[in-house]
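Chemist: I have a structure I would like to understand better, so I am pasting it below and will then ask my questions one at a time.
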Amino acid sequence: MSGVPVAGTAPGRTTITARALERLATGLVVDAAGVPAGDIEISLHDEAGRLAAGVTLPAVIGTSDRRTLPERGAALRETVTRGMHDLAARQVGSVSVRYAGIHRQCERRVT
């Protein structure tokens with residue numbers, strides 16, 4: 001991946017590898033969807049100068065989140081798009097979300 005110049009800094013270069021971008025995307029999905037990183041598959045490729053991301057993850061059930069899967073997918077697309085821009089200065093052109101399997105999550109009560 002190419003370096004990203006930042007105005008007003010010392011000379012040099014910051015390089016973000018493809019693997020680092022994949023890990024960043026995985027972290028964003030973990031935070032947004034609440035599934036373990038090992039259950040998430042990320043694919044990134046170039047799409048006319050922008051990143052195209054493919055995300056495969058299990059659907060989370062057993063939480064108080066009552067949004068539909070399409071609503072969760074839309075929120076996940078927004079999170080990945082915004083996070084990749086804010087944290088890695090990358091433009092994301094598309095994010096395809098695919099639900100494969102389920103992840104049961106029991107909410108615990110604090111007494």
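Every chain in the structure tokens has a letter given in the order shown (A, B, ...), and although residue numbers restart at 1 in each chain, ligands are simply numbered from 1 in the order shown.
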Could you list, as a ChimeraX atom specification, every residue within 8 Å of range 77-91 of chain A, counting only C-alpha atoms and ignoring same-chain residues fewer than 2 positions away?
Modeler: /A:4,16,21,24-25,28-29,32,50-51,73-75,93-97
Chemist: Quick one: residues within 9 Å of Ala33 in chain A, only C-alpha atoms, excluding same-chain residues fewer than 5 positions away - as a ChimeraX atom specification?
Modeler: /A:28,57,59-60,72,76
Chemist: Report the residues of chain A whose backbone DSSP state falls under strand (DSSP E or B), written as number ranges by chain.
Modeler: A: 41-47, 50-61, 92-104
Chemist: Quote the spacing between CA of Ala20 in chain A and CA of Gly49 in chain A in Å to one decimal place.
Modeler: 18.3 Å
Chemist: One decimal, Å: what's the distance from CA of Cys106 in chain A over to CA of Pro58 in chain A, could you say?
Modeler: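 Going from CA of Cys106 in chain A over to CA of Pro58 in chain A covers 15.0 Å.
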Chemist: Which of these, A:Glu47, A:Glu41, A:Arg67, A:Ala52, has the shortest distance to Arg98 in chain A once you count only C-alpha atoms?
Modeler: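 Nearest to Arg98 in chain A: A:Glu41.
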Chemist: When you look at Arg19 in chain A with a cut-off of 12 Å (counting only C-alpha atoms), what residues show up, excluding the ones that are within fewer than 4 positions of it in the same chain? I need them as an MDAnalysis selection string.
Modeler: chainID A and resid 1 15 23:26 42:45
Chemist: Using DSSP assignments from the backbone, pull out every residue in range 21-110 of chain A that falls under alpha helix (DSSP H) and give it to me as an mmCIF file with N, CA and C atoms, in the first residue's frame.
Modeler:
```cif
data_model
loop_
_atom_site.group_PDB
_atom_site.id
_atom_site.type_symbol
_atom_site.label_atom_id
_atom_site.label_comp_id
_atom_site.auth_asym_id
_atom_site.auth_seq_id
_atom_site.Cartn_x
_atom_site.Cartn_y
_atom_site.Cartn_z
ATOM 1 N N LEU A 21 -4.676 -3.328 6.939
ATOM 2 C CA LEU A 21 -6.020 -2.867 6.571
ATOM 3 C C LEU A 21 -7.061 -3.945 6.848
ATOM 4 N N GLU A 22 -6.716 -5.201 6.572
ATOM 5 C CA GLU A 22 -7.636 -6.301 6.870
ATOM 6 C C GLU A 22 -7.888 -6.411 8.367
ATOM 7 N N ARG A 23 -6.820 -6.291 9.158
ATOM 8 C CA ARG A 23 -6.959 -6.348 10.621
ATOM 9 C C ARG A 23 -7.787 -5.171 11.143
ATOM 10 N N LEU A 24 -7.578 -4.002 10.572
ATOM 11 C CA LEU A 24 -8.358 -2.838 10.967
ATOM 12 C C LEU A 24 -9.834 -3.065 10.666
ATOM 13 N N ALA A 25 -10.142 -3.544 9.468
ATOM 14 C CA ALA A 25 -11.528 -3.820 9.105
ATOM 15 C C ALA A 25 -12.131 -4.867 10.035
ATOM 16 N N THR A 26 -11.356 -5.887 10.370
ATOM 17 C CA THR A 26 -11.836 -6.912 11.293
ATOM 18 C C THR A 26 -12.162 -6.301 12.649
ATOM 19 N N GLY A 27 -11.299 -5.454 13.148
ATOM 20 C CA GLY A 27 -11.542 -4.791 14.431
ATOM 21 C C GLY A 27 -12.794 -3.931 14.413
ATOM 22 N N LEU A 28 -13.006 -3.235 13.320
ATOM 23 C CA LEU A 28 -14.211 -2.414 13.188
ATOM 24 C C LEU A 28 -15.463 -3.277 13.234
ATOM 25 N N VAL A 29 -15.412 -4.432 12.554
ATOM 26 C CA VAL A 29 -16.562 -5.339 12.528
ATOM 27 C C VAL A 29 -16.779 -5.965 13.900
ATOM 28 N N VAL A 30 -15.700 -6.352 14.584
ATOM 29 C CA VAL A 30 -15.820 -6.909 15.934
ATOM 30 C C VAL A 30 -16.537 -5.922 16.843
ATOM 31 N N ASP A 31 -16.110 -4.674 16.822
ATOM 32 C CA ASP A 31 -16.722 -3.649 17.669
ATOM 33 C C ASP A 31 -18.183 -3.394 17.307
ATOM 34 N N ALA A 32 -18.488 -3.377 16.020
ATOM 35 C CA ALA A 32 -19.838 -3.035 15.582
ATOM 36 C C ALA A 32 -20.815 -4.196 15.712
ATOM 37 N N ALA A 33 -20.350 -5.426 15.452
ATOM 38 C CA ALA A 33 -21.263 -6.565 15.409
ATOM 39 C C ALA A 33 -21.246 -7.412 16.670
ATOM 40 N N LEU A 69 -31.708 -7.895 10.191
ATOM 41 C CA LEU A 69 -30.380 -8.123 9.622
ATOM 42 C C LEU A 69 -30.030 -7.096 8.546
ATOM 43 N N PRO A 70 -30.969 -6.715 7.658
ATOM 44 C CA PRO A 70 -30.618 -5.650 6.713
ATOM 45 C C PRO A 70 -30.265 -4.325 7.402
ATOM 46 N N GLU A 71 -30.939 -4.000 8.487
ATOM 47 C CA GLU A 71 -30.609 -2.777 9.226
ATOM 48 C C GLU A 71 -29.226 -2.884 9.868
ATOM 49 N N ARG A 72 -28.915 -4.045 10.430
ATOM 50 C CA ARG A 72 -27.585 -4.253 11.005
ATOM 51 C C ARG A 72 -26.506 -4.191 9.924
ATOM 52 N N GLY A 73 -26.818 -4.769 8.760
ATOM 53 C CA GLY A 73 -25.864 -4.732 7.651
ATOM 54 C C GLY A 73 -25.575 -3.311 7.200
ATOM 55 N N ALA A 74 -26.615 -2.481 7.130
ATOM 56 C CA ALA A 74 -26.431 -1.080 6.734
ATOM 57 C C ALA A 74 -25.560 -0.346 7.747
ATOM 58 N N ALA A 75 -25.788 -0.593 9.035
ATOM 59 C CA ALA A 75 -24.977 0.047 10.069
ATOM 60 C C ALA A 75 -23.534 -0.438 9.997
ATOM 61 N N LEU A 76 -23.353 -1.714 9.708
ATOM 62 C CA LEU A 76 -22.009 -2.274 9.583
ATOM 63 C C LEU A 76 -21.269 -1.679 8.386
ATOM 64 N N ARG A 77 -21.967 -1.517 7.260
ATOM 65 C CA ARG A 77 -21.351 -0.884 6.087
ATOM 66 C C ARG A 77 -20.901 0.533 6.411
ATOM 67 N N GLU A 78 -21.722 1.268 7.112
ATOM 68 C CA GLU A 78 -21.375 2.640 7.493
ATOM 69 C C GLU A 78 -20.170 2.658 8.430
ATOM 70 N N THR A 79 -20.142 1.746 9.387
ATOM 71 C CA THR A 79 -19.032 1.671 10.341
ATOM 72 C C THR A 79 -17.718 1.375 9.630
ATOM 73 N N VAL A 80 -17.719 0.411 8.718
ATOM 74 C CA VAL A 80 -16.492 0.062 8.001
ATOM 75 C C VAL A 80 -16.053 1.222 7.110
ATOM 76 N N THR A 81 -16.980 1.814 6.392
ATOM 77 C CA THR A 81 -16.652 2.929 5.505
ATOM 78 C C THR A 81 -16.060 4.099 6.278
ATOM 79 N N ARG A 82 -16.719 4.489 7.349
ATOM 80 C CA ARG A 82 -16.266 5.633 8.145
ATOM 81 C C ARG A 82 -14.960 5.317 8.880
ATOM 82 N N GLY A 83 -14.859 4.130 9.452
ATOM 83 C CA GLY A 83 -13.669 3.756 10.205
ATOM 84 C C GLY A 83 -12.427 3.665 9.336
ATOM 85 N N MET A 84 -12.545 3.090 8.145
ATOM 86 C CA MET A 84 -11.398 2.997 7.243
ATOM 87 C C MET A 84 -10.954 4.383 6.803
ATOM 88 N N HIS A 85 -11.906 5.287 6.635
ATOM 89 C CA HIS A 85 -11.554 6.660 6.269
ATOM 90 C C HIS A 85 -10.898 7.384 7.434
ATOM 91 N N ASP A 86 -11.524 7.308 8.615
ATOM 92 C CA ASP A 86 -11.034 8.053 9.772
ATOM 93 C C ASP A 86 -9.697 7.529 10.298
ATOM 94 N N LEU A 87 -9.509 6.212 10.276
ATOM 95 C CA LEU A 87 -8.320 5.631 10.896
ATOM 96 C C LEU A 87 -7.188 5.324 9.930
ATOM 97 N N ALA A 88 -7.512 5.102 8.652
ATOM 98 C CA ALA A 88 -6.457 4.737 7.698
ATOM 99 C C ALA A 88 -6.439 5.629 6.465
#
```
Chemist: Using Å and a single decimal, report how far CA of Thr17 in chain A sits from CA of Asp39 in chain A.
Modeler: 22.0 Å
Chemist: Please determine, counting only C-alpha atoms, which residue among A:Pro36, A:Val55, A:Asp46, A:Arg13 has the shortest atom-to-atom distance to Ala100 in chain A.
Modeler: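 Of A:Pro36, A:Val55, A:Asp46, A:Arg13, the one nearest Ala100 in chain A is A:Val55, counting only C-alpha atoms.
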